[in-house]
file run.cif (mmCIF, C-alpha atoms)
data_run
loop_
_atom_site.label_atom_id
_atom_site.label_comp_id
_atom_site.auth_asym_id
_atom_site.auth_seq_id
_atom_site.Cartn_x
_atom_site.Cartn_y
_atom_site.Cartn_z
CA MET K 24 0.00 0.00 0.00
CA GLU K 25 1.37 3.41 -1.00
CA ALA K 26 2.36 5.48 2.03
CA LEU K 27 0.76 8.90 2.44
CA GLU K 28 2.59 12.01 3.63
CA LEU K 29 0.41 12.40 6.70
CA TRP K 30 2.37 15.44 7.90
CA ASN K 31 1.57 17.31 4.69
CA PRO K 32 -1.61 19.45 4.53
CA GLU K 33 -1.81 18.68 0.80
CA THR K 34 -2.69 15.08 1.71
CA PHE K 35 -5.93 16.35 3.24
CA LYS K 36 -6.88 18.71 0.41
CA ALA K 37 -9.82 16.46 -0.55
CA GLY K 38 -10.70 15.62 3.05
CA PHE K 39 -9.58 13.02 5.55
CA PRO K 40 -8.43 9.78 3.82
CA TYR K 41 -10.90 7.47 5.56
CA ASP K 42 -10.39 4.59 3.11
CA TYR K 43 -6.63 4.60 3.69
CA PHE K 44 -7.02 4.57 7.47
CA ARG K 45 -9.65 1.84 7.29
CA ARG K 46 -7.15 -0.38 5.48
CA MET K 47 -4.40 0.51 7.95
CA ARG K 48 -6.62 -0.26 10.96
CA ASP K 49 -7.00 -3.78 9.58
CA ALA K 50 -3.51 -4.37 8.18
CA GLU K 51 -1.16 -2.35 10.42
CA PRO K 52 -3.01 -0.34 13.09
CA VAL K 53 0.21 1.23 14.39
CA PHE K 54 2.57 2.17 11.57
CA TRP K 55 5.61 4.33 10.80
CA CYS K 56 5.53 7.36 8.50
CA GLU K 57 8.56 9.21 7.13
CA HIS K 58 8.96 12.92 7.98
CA PRO K 59 11.30 15.47 6.38
CA VAL K 60 12.31 17.07 9.71
CA TRP K 61 11.69 14.46 12.40
CA GLY K 62 12.86 11.50 10.35
CA GLY K 63 9.56 9.77 11.05
CA PHE K 64 6.68 9.24 13.45
CA TRP K 65 4.28 6.52 14.60
CA ASN K 66 0.58 6.60 13.73
CA VAL K 67 -2.08 5.13 16.05
CA THR K 68 -5.37 4.42 14.27
CA ARG K 69 -7.64 2.21 16.41
CA HIS K 70 -10.07 3.55 19.00
CA ASP K 71 -8.74 1.52 21.95
CA ASP K 72 -5.11 2.38 21.19
CA VAL K 73 -5.88 6.10 20.77
CA GLN K 74 -7.60 6.05 24.16
CA ARG K 75 -4.70 4.21 25.76
CA VAL K 76 -2.09 6.72 24.51
CA SER K 77 -4.27 9.70 25.39
CA ARG K 78 -4.98 8.56 28.94
CA ASP K 79 -1.51 7.32 29.89
CA SER K 80 0.06 10.66 30.78
CA ASP K 81 2.71 8.94 32.90
CA CYS K 82 4.26 7.54 29.72
CA PHE K 83 3.04 9.73 26.86
CA LYS K 84 3.99 13.40 27.11
CA ASN K 85 2.79 16.52 25.30
CA GLN K 86 6.08 18.40 25.58
CA PRO K 87 7.46 20.19 23.64
CA ASN K 88 3.99 20.51 22.07
CA PRO K 89 1.32 18.23 20.57
CA PHE K 90 1.51 19.54 16.98
CA LEU K 91 2.51 17.52 13.94
CA SER K 92 5.15 19.51 12.09
CA GLY K 93 3.81 20.29 8.61
CA ASP K 94 4.97 22.20 5.56
CA ARG K 95 3.84 25.55 7.01
CA ALA K 96 5.58 25.08 10.36
CA PRO K 97 8.78 23.03 9.94
CA SER K 98 10.23 24.12 13.30
CA VAL K 99 7.38 23.60 15.76
CA ASP K 100 9.82 21.99 18.21
CA ASP K 101 11.63 25.30 18.70
CA GLY K 102 9.82 25.92 22.00
CA SER K 103 7.54 28.67 20.67
CA ASN K 104 4.43 26.69 21.58
CA SER K 105 5.76 25.03 24.74
CA GLN K 106 3.82 27.28 27.15
CA PHE K 107 0.39 26.47 25.69
CA LEU K 108 -1.83 24.69 28.18
CA ILE K 109 -2.13 21.76 25.74
CA SER K 110 1.69 21.56 25.57
CA LEU K 111 2.18 21.09 29.31
CA ASP K 112 2.43 17.83 31.22
CA PRO K 113 1.53 17.08 34.85
CA PRO K 114 2.18 18.51 37.40
CA ASP K 115 2.47 21.87 35.54
CA HIS K 116 -0.56 21.07 33.38
CA THR K 117 -2.63 20.02 36.39
CA LYS K 118 -1.88 23.25 38.25
CA MET K 119 -2.53 25.46 35.23
CA ARG K 120 -5.73 23.66 34.33
CA LYS K 121 -7.11 24.09 37.86
CA LEU K 122 -6.55 27.81 37.57
CA VAL K 123 -8.11 28.06 34.12
CA ASN K 124 -11.04 25.79 35.06
CA ARG K 125 -12.38 28.59 37.22
CA GLY K 126 -13.37 30.40 34.06
CA PHE K 127 -15.29 27.38 32.71
CA THR K 128 -17.47 26.46 35.68
CA PRO K 129 -21.01 25.19 34.89
CA ARG K 130 -22.36 28.49 36.24
CA ARG K 131 -20.23 30.56 33.84
CA VAL K 132 -21.25 28.39 30.88
CA ARG K 133 -24.92 28.66 31.90
CA ASP K 134 -24.57 32.42 32.23
CA LEU K 135 -23.47 32.55 28.59
CA GLU K 136 -26.55 30.69 27.35
CA ALA K 137 -28.69 33.78 26.73
CA LYS K 138 -25.78 35.54 25.00
CA ILE K 139 -25.16 32.53 22.76
CA GLN K 140 -28.82 32.38 21.78
CA ALA K 141 -28.78 36.10 21.03
CA GLN K 142 -25.70 35.70 18.83
CA VAL K 143 -27.27 32.74 16.97
CA ASP K 144 -30.48 34.70 16.37
CA ARG K 145 -28.53 37.76 15.22
CA LEU K 146 -26.39 35.81 12.76
CA VAL K 147 -29.38 34.03 11.21
CA ASP K 148 -31.42 37.26 11.16
CA GLN K 149 -28.59 38.90 9.18
CA VAL K 150 -29.24 36.57 6.25
CA SER K 151 -33.01 36.18 6.71
CA ASP K 152 -33.89 38.60 3.93
CA LYS K 153 -31.75 36.67 1.44
CA THR K 154 -32.05 33.23 -0.15
CA SER K 155 -28.35 32.33 -0.05
CA CYS K 156 -25.16 32.94 1.91
CA GLU K 157 -21.63 31.65 2.46
CA MET K 158 -22.00 29.89 5.80
CA VAL K 159 -18.39 29.73 7.00
CA ASN K 160 -17.70 33.46 7.03
CA GLU K 161 -21.23 34.85 7.41
CA ILE K 162 -22.36 32.58 10.26
CA ALA K 163 -20.06 29.82 11.53
CA VAL K 164 -16.81 31.71 12.09
CA GLU K 165 -18.37 34.54 14.03
CA LEU K 166 -20.44 32.58 16.55
CA PRO K 167 -17.59 30.98 18.57
CA LEU K 168 -15.43 34.08 18.24
CA GLN K 169 -18.22 36.27 19.66
CA VAL K 170 -18.85 33.76 22.46
CA ILE K 171 -15.15 33.62 23.38
CA ALA K 172 -15.00 37.43 23.25
CA ASP K 173 -17.93 37.57 25.70
CA LEU K 174 -16.23 35.02 27.95
CA VAL K 175 -12.82 36.67 27.92
CA GLY K 176 -14.04 40.26 28.01
CA VAL K 177 -13.04 41.69 24.61
CA PRO K 178 -15.10 44.87 24.07
CA GLU K 179 -17.30 45.16 20.97
CA GLU K 180 -15.15 47.84 19.33
CA ASP K 181 -12.03 45.61 19.41
CA ARG K 182 -13.55 42.34 18.28
CA ARG K 183 -13.08 42.73 14.54
CA GLN K 184 -9.34 43.31 15.02
CA VAL K 185 -9.00 40.39 17.46
CA PHE K 186 -10.91 38.14 15.02
CA HIS K 187 -8.48 39.09 12.26
CA TRP K 188 -5.47 38.25 14.42
CA THR K 189 -7.10 34.94 15.34
CA GLU K 190 -7.72 34.00 11.71
CA THR K 191 -4.12 34.87 10.81
CA THR K 192 -2.20 33.34 13.71
CA PHE K 193 -2.46 29.60 13.10
CA GLY K 194 -2.11 29.87 9.32
CA PHE K 195 -4.80 27.48 8.06
CA ASP K 196 -5.29 29.91 5.17
CA GLU K 197 -2.42 29.83 2.66
CA LYS K 198 -2.75 33.55 1.91
CA TYR K 199 -0.97 34.40 5.19
CA THR K 200 2.82 34.24 5.32
CA ILE K 201 4.80 32.88 8.28
CA GLU K 202 5.83 36.48 9.04
CA GLU K 203 2.21 37.66 9.08
CA MET K 204 1.28 34.78 11.39
CA ALA K 205 4.07 35.72 13.82
CA ALA K 206 3.12 39.41 13.73
CA ALA K 207 -0.53 38.59 14.50
CA GLY K 208 0.56 36.43 17.44
CA ALA K 209 2.72 39.23 18.83
CA ALA K 210 -0.17 41.67 18.47
CA MET K 211 -2.47 39.32 20.39
CA PHE K 212 0.10 39.09 23.22
CA ALA K 213 0.33 42.89 23.38
CA TYR K 214 -3.45 43.17 23.42
CA ALA K 215 -3.73 40.68 26.30
CA ASP K 216 -1.14 42.74 28.21
CA GLN K 217 -3.30 45.82 27.67
CA MET K 218 -6.44 44.02 28.89
CA CYS K 219 -4.66 43.03 32.09
CA GLU K 220 -3.42 46.57 32.71
CA ILE K 221 -6.97 47.91 32.42
CA ARG K 222 -8.30 45.31 34.89
CA LYS K 223 -5.76 46.31 37.53
CA THR K 224 -7.71 49.55 38.03
CA GLU K 225 -11.11 48.67 36.52
CA PRO K 226 -12.52 45.36 37.83
CA HIS K 227 -14.34 43.17 35.24
CA ASP K 228 -16.35 39.96 35.56
CA ASP K 229 -14.64 38.00 32.79
CA LEU K 230 -12.15 35.19 32.25
CA ILE K 231 -9.12 37.46 32.06
CA SER K 232 -9.98 38.81 35.51
CA VAL K 233 -10.49 35.27 36.82
CA LEU K 234 -7.05 34.26 35.53
CA MET K 235 -5.41 37.35 37.02
CA GLU K 236 -6.93 36.73 40.46
CA ALA K 237 -6.79 32.91 40.67
CA GLU K 238 -4.29 31.29 43.03
CA ILE K 239 -3.45 27.70 43.91
CA ASN K 240 -1.08 27.06 46.78
CA GLY K 241 -0.19 30.74 46.76
CA GLU K 242 0.81 30.74 43.08
CA SER K 243 -0.84 32.76 40.33
CA LEU K 244 -0.34 32.94 36.57
CA ASN K 245 2.36 35.23 35.23
CA GLN K 246 1.72 37.65 32.37
CA MET K 247 3.18 35.39 29.69
CA GLN K 248 0.96 32.49 30.78
CA ILE K 249 -2.13 34.72 30.54
CA ASP K 250 -1.02 35.99 27.12
CA VAL K 251 -0.48 32.47 25.83
CA PHE K 252 -3.82 31.28 27.15
CA PHE K 253 -5.59 34.27 25.57
CA MET K 254 -4.12 33.33 22.17
CA LEU K 255 -4.87 29.62 22.56
CA LEU K 256 -8.43 30.26 23.70
CA GLN K 257 -9.16 32.51 20.73
CA ASN K 258 -7.96 29.83 18.31
CA ALA K 259 -8.89 26.55 19.99
CA GLY K 260 -12.19 28.02 21.17
CA SER K 261 -13.29 28.67 17.61
CA GLU K 262 -11.87 25.93 15.38
CA THR K 263 -13.82 22.91 16.64
CA THR K 264 -17.15 24.74 16.86
CA ARG K 265 -17.00 26.54 13.51
CA ASN K 266 -15.98 23.41 11.63
CA LEU K 267 -18.53 21.24 13.43
CA ILE K 268 -21.25 23.70 12.46
CA THR K 269 -20.23 23.99 8.80
CA THR K 270 -19.30 20.37 8.10
CA GLY K 271 -22.20 19.14 10.24
CA THR K 272 -24.64 21.26 8.23
CA LEU K 273 -23.17 19.93 4.99
CA GLU K 274 -23.52 16.32 6.16
CA LEU K 275 -27.13 16.84 7.26
CA ILE K 276 -27.92 18.27 3.82
CA ARG K 277 -26.23 15.25 2.24
CA ASN K 278 -28.28 12.96 4.50
CA PRO K 279 -31.81 14.39 4.21
CA ASP K 280 -33.35 11.48 6.12
CA GLN K 281 -31.27 12.44 9.16
CA MET K 282 -32.17 16.10 8.75
CA GLN K 283 -35.85 15.13 8.67
CA LEU K 284 -35.49 13.06 11.85
CA LEU K 285 -34.24 16.18 13.62
CA ARG K 286 -36.97 18.39 12.17
CA ASP K 287 -39.55 15.90 13.42
CA ASP K 288 -37.99 15.66 16.89
CA MET K 289 -35.76 18.58 17.89
CA SER K 290 -35.03 16.89 21.23
CA LEU K 291 -32.65 14.65 19.27
CA ILE K 292 -30.31 17.56 18.50
CA PRO K 293 -27.98 17.14 21.55
CA ASN K 294 -27.54 13.49 20.55
CA ALA K 295 -27.02 14.54 16.93
CA VAL K 296 -24.24 16.92 18.03
CA GLU K 297 -22.33 13.95 19.50
CA GLU K 298 -22.84 11.93 16.31
CA LEU K 299 -21.73 14.84 14.13
CA LEU K 300 -18.65 15.28 16.31
CA ARG K 301 -17.86 11.60 15.74
CA TYR K 302 -18.65 11.66 12.06
CA THR K 303 -16.85 14.90 11.12
CA THR K 304 -14.08 15.03 13.82
CA PRO K 305 -12.89 18.67 13.36
CA VAL K 306 -9.51 18.07 15.09
CA MET K 307 -7.91 15.17 13.22
CA GLN K 308 -4.94 14.37 15.45
CA PHE K 309 -2.47 15.35 18.14
CA VAL K 310 1.06 14.20 18.97
CA ARG K 311 2.46 12.52 22.07
CA ARG K 312 6.00 11.36 22.90
CA PRO K 313 6.75 8.45 25.25
CA SER K 314 9.13 9.16 28.11
CA SER K 315 10.36 5.56 28.03
CA ASP K 316 10.35 2.64 25.60
CA THR K 317 6.87 1.18 25.27
CA VAL K 318 4.64 -1.00 23.10
CA VAL K 319 1.43 0.11 21.35
CA GLY K 320 -0.54 -2.19 19.09
CA GLY K 321 2.29 -4.70 19.11
CA LYS K 322 4.88 -2.17 17.88
CA GLU K 323 7.92 -1.26 19.95
CA ILE K 324 8.18 2.51 20.28
CA LYS K 325 11.36 4.15 21.53
CA ALA K 326 11.40 6.95 24.10
CA GLY K 327 11.01 10.34 22.46
CA GLN K 328 9.66 9.09 19.13
CA PRO K 329 6.61 11.13 18.03
CA VAL K 330 3.32 9.24 18.22
CA VAL K 331 0.34 10.70 16.34
CA ILE K 332 -3.08 9.69 17.67
CA TRP K 333 -5.62 9.96 14.86
CA TYR K 334 -9.00 10.94 16.30
CA SER K 335 -10.65 10.87 12.85
CA SER K 336 -9.62 7.25 12.39
CA ALA K 337 -10.63 6.21 15.92
CA ASN K 338 -14.08 7.73 15.40
CA ARG K 339 -14.61 5.54 12.32
CA ASP K 340 -13.22 2.36 13.92
CA GLU K 341 -15.54 -0.61 13.26
CA ARG K 342 -14.40 -2.12 16.56
CA ALA K 343 -15.95 0.80 18.46
CA PHE K 344 -18.95 1.79 16.31
CA ASP K 345 -21.34 -0.23 14.15
CA ASP K 346 -21.48 1.01 10.54
CA PRO K 347 -19.12 3.89 11.40
CA ASP K 348 -19.24 5.44 7.92
CA VAL K 349 -23.01 5.94 8.25
CA LEU K 350 -24.38 9.12 9.83
CA ASP K 351 -27.03 8.13 12.39
CA VAL K 352 -28.32 10.93 14.63
CA THR K 353 -30.04 8.37 16.88
CA ARG K 354 -26.79 6.49 17.55
CA ASP K 355 -25.14 6.45 20.97
CA ALA K 356 -21.93 8.17 19.91
CA SER K 357 -20.84 9.07 23.44
CA GLY K 358 -17.65 7.06 23.02
CA HIS K 359 -16.29 9.40 20.34
CA VAL K 360 -12.89 11.03 20.82
CA ALA K 361 -13.52 14.34 19.02
CA PHE K 362 -12.69 16.30 22.20
CA GLY K 363 -9.74 14.05 22.99
CA ALA K 364 -9.76 10.47 24.14
CA GLY K 365 -9.90 11.04 27.86
CA GLY K 366 -7.05 11.77 30.21
CA PRO K 367 -5.80 15.12 31.52
CA HIS K 368 -5.96 16.88 28.14
CA PHE K 369 -9.68 16.34 27.47
CA CYS K 370 -10.99 19.55 25.85
CA LEU K 371 -11.51 22.26 28.47
CA GLY K 372 -14.27 23.95 26.48
CA ALA K 373 -16.22 20.83 25.46
CA SER K 374 -19.40 21.83 27.29
CA LEU K 375 -19.31 25.31 25.77
CA ALA K 376 -18.73 23.95 22.26
CA ARG K 377 -21.63 21.52 22.68
CA LEU K 378 -23.94 24.34 23.79
CA GLU K 379 -22.98 26.57 20.86
CA ALA K 380 -23.44 23.72 18.37
CA LYS K 381 -26.81 22.71 19.84
CA MET K 382 -28.20 26.23 19.56
CA MET K 383 -26.88 26.78 16.04
CA PHE K 384 -28.21 23.45 14.75
CA GLU K 385 -31.59 24.27 16.32
CA ALA K 386 -31.59 27.46 14.25
CA VAL K 387 -30.32 25.84 11.05
CA ILE K 388 -32.82 22.98 11.24
CA GLY K 389 -35.74 24.94 12.65
CA ARG K 390 -35.54 28.24 10.77
CA PHE K 391 -34.23 27.53 7.25
CA GLU K 392 -36.85 26.17 4.82
CA GLY K 393 -35.69 24.32 1.72
CA LEU K 394 -32.05 24.41 2.80
CA GLU K 395 -29.60 23.01 0.24
CA LEU K 396 -25.98 23.23 -0.83
CA GLY K 397 -25.12 26.13 -3.11
CA VAL K 398 -22.87 24.06 -5.42
CA ASP K 399 -23.59 20.90 -7.38
CA ASP K 400 -20.55 18.94 -6.20
CA PRO K 401 -19.39 19.21 -2.55
CA ARG K 402 -15.99 17.87 -3.62
CA SER K 403 -15.37 21.24 -5.29
CA LEU K 404 -15.53 23.09 -1.96
CA PRO K 405 -12.13 24.47 -0.83
CA ARG K 406 -10.83 23.02 2.44
CA LEU K 407 -8.54 24.39 5.11
CA HIS K 408 -4.83 23.97 4.38
CA SER K 409 -4.12 21.82 7.42
CA SER K 410 -3.16 18.37 8.64
CA LEU K 411 -4.62 19.29 12.06
CA ILE K 412 -8.08 20.78 11.40
CA ASP K 413 -10.61 19.25 9.00
CA GLY K 414 -12.97 21.88 7.66
CA TYR K 415 -14.00 24.11 4.78
CA VAL K 416 -12.88 27.57 3.73
CA GLU K 417 -16.30 28.19 2.16
CA LEU K 418 -19.74 26.57 2.33
CA PRO K 419 -22.31 28.24 0.04
CA LEU K 420 -25.94 27.56 1.01
CA ARG K 421 -29.30 28.50 -0.47
CA TRP K 422 -32.87 28.23 0.82
CA LYS K 423 -36.46 29.23 0.15
CA ALA K 424 -37.23 31.19 3.31
CA VAL K 425 -36.06 31.83 6.89
CA LYS K 426 -38.57 31.61 9.72
CA PRO K 427 -38.51 34.22 12.51
CA ALA K 428 -36.68 33.31 15.73
CA ALA K 429 -38.91 31.62 18.28
#
call {"tool": "encode", "arguments": {"input": "run.cif", "output": "structure tokens"}}
result
Amino acid sequence: MEALELWNPETFKAGFPYDYFRRMRDAEPVFWCEHPVWGGFWNVTRHDDVQRVSRDSDCFKNQPNPFLSGDRAPSVDDGSNSQFLISLDPPDHTKMRKLVNRGFTPRRVRDLEAKIQAQVDRLVDQVSDKTSCEMVNEIAVELPLQVIADLVGVPEEDRRQVFHWTETTFGFDEKYTIEEMAAAGAAMFAYADQMCEIRKTEPHDDLISVLMEAEINGESLNQMQIDVFFMLLQNAGSETTRNLITTGTLELIRNPDQMQLLRDDMSLIPNAVEELLRYTTPVMQFVRRPSSDTVVGGKEIKAGQPVVIWYSSANRDERAFDDPDVLDVTRDASGHVAFGAGGPHFCLGASLARLEAKMMFEAVIGRFEGLELGVDDPRSLPRLHSSLIDGYVELPLRWKAVKPAA
């Protein structure tokens, strides 16, 4: 079987190679892939093995960071991402996560519910007098960014600029150069510094204030840690949700029987969100490195060798899900690994992402009449230039009418 360059975003230009990974799960579920910088890395494809690597933080480490070095970032081991929360290992990760968790309590998420609904209604209302739109940029991108801005405390007049920095920083759009990405990241750090300075004299009830005030065992976050978390939250807080909304909408259009099930019984939408997370898996993979020699799937892995855990493959594993390539909104998909496969690095904002997706799918399914794709062939839709995030640059939609918000 011809090996794929799984580090290369070009490999994913037509979407995740599900057929290739299906064959590998059967023939060689843990396999080696060549890499132009690292020399090579291991790939873990089955659901059970992905869970095992993800949960065993004693052996498998995130440092220096969990990113697969691709053609846009050949030097991701240079330490520039090592202070991200997702790059830390226990006990540093445990301490930092406890501090940050105070901004994601159930009460804080509940308090955002009315604001999320208002944002959903506003975004749909903006296109209600039309019969078509481009969903990614007119609806899906803005919802999570507005929600994160509400959570963090970015004022309305600054949001457009912060959104632009966010879109530029991680470079999933080829139009941005490495230099532009770095400049946007530096600008976000400077902006976070400014937010903190303001809060020293003007108290706010937002996540930045929570992070500034939080202490565990007498220790608080330093300015760089707050800056890094601000950047990570802006990016990580938007990517999963926006791509779940866009790709999930596309898949519901392509599976009209499933769309009709939801129209007939809207109480199924929370369950459908879990199935769409499984089926579309916005974050395709992350990297771990064992601290000592170990064995996964019968393969001997040396200490320090990169190990890529493929969430997209695990979520289509026949050993974990019946008919995994079929979208079934009534399925119990609770075992999916779209937010991580358990362990200390399970997605911090999972409950918030679920709430945003639920409310947006309620609007998409309940308000748009005659919704359909705005192109004849979905394979023609441009995708993100990434081996990390699976999603679309554009998703044109058309419809007959938009109902008023309930």
call {"tool": "closest_atom_pairs", "arguments": {"input": "run.cif", "of": "stretch 33-112 of chain K", "to": "stretch 287-302 of chain K", "cutoff": "12 Å", "atoms": "all atoms listed in the file", "output": "JSON lines"}}
result
{"residue": "K:Phe39", "atom": "CA", "partner": "K:Tyr302", "partner_atom": "CA", "distance": 11.2}
{"residue": "K:Tyr41", "atom": "CA", "partner": "K:Tyr302", "partner_atom": "CA", "distance": 10.9}
{"residue": "K:His70", "atom": "CA", "partner": "K:Arg301", "partner_atom": "CA", "distance": 11.7}
call {"tool": "write_last_selection", "arguments": {"input": "run.cif", "atoms": "C-alpha atoms", "output": "JSON list (two decimals), in the coordinates of the input"}}
result
[["chain", "number", "residue", "atom", "x", "y", "z"],
["K", 39, "PHE", "CA", -9.58, 13.02, 5.55],
["K", 41, "TYR", "CA", -10.90, 7.47, 5.56],
["K", 70, "HIS", "CA", -10.07, 3.55, 19.00]]
call {"tool": "resolve_selection", "arguments": {"input": "run.cif", "expression": "the PyMOL selection byres ((chain K and resi 219) around 9)", "output": "list in words"}}
result
Tyr214, Ala215, Asp216, Gln217, Met218, Glu220, Ile221, Arg222, Lys223, Ile231, Ser232, Met235, Gln246 and Ile249 of chain K
call {"tool": "closest_residue", "arguments": {"input": "run.cif", "among": "K:Ile109, K:Val164, K:Val352, K:Ala137", "to": "K:Pro367", "atoms": "only C-alpha atoms"}}
result
K:Ile109
call {"tool": "resolve_selection", "arguments": {"input": "run.cif", "expression": "the PyMOL selection byres ((chain K and resi 168-173) around 9)", "output": "ChimeraX atom specification"}}
result
/K:135,138-139,142,164-167,174-179,182,185-186,189,229,256-258,260-261,379
call {"tool": "closest_residue", "arguments": {"input": "run.cif", "among": "K:Gly208, K:Pro279, K:Gly366, K:Pro113", "to": "K:His187", "atoms": "all atoms listed in the file"}}
result
K:Gly208
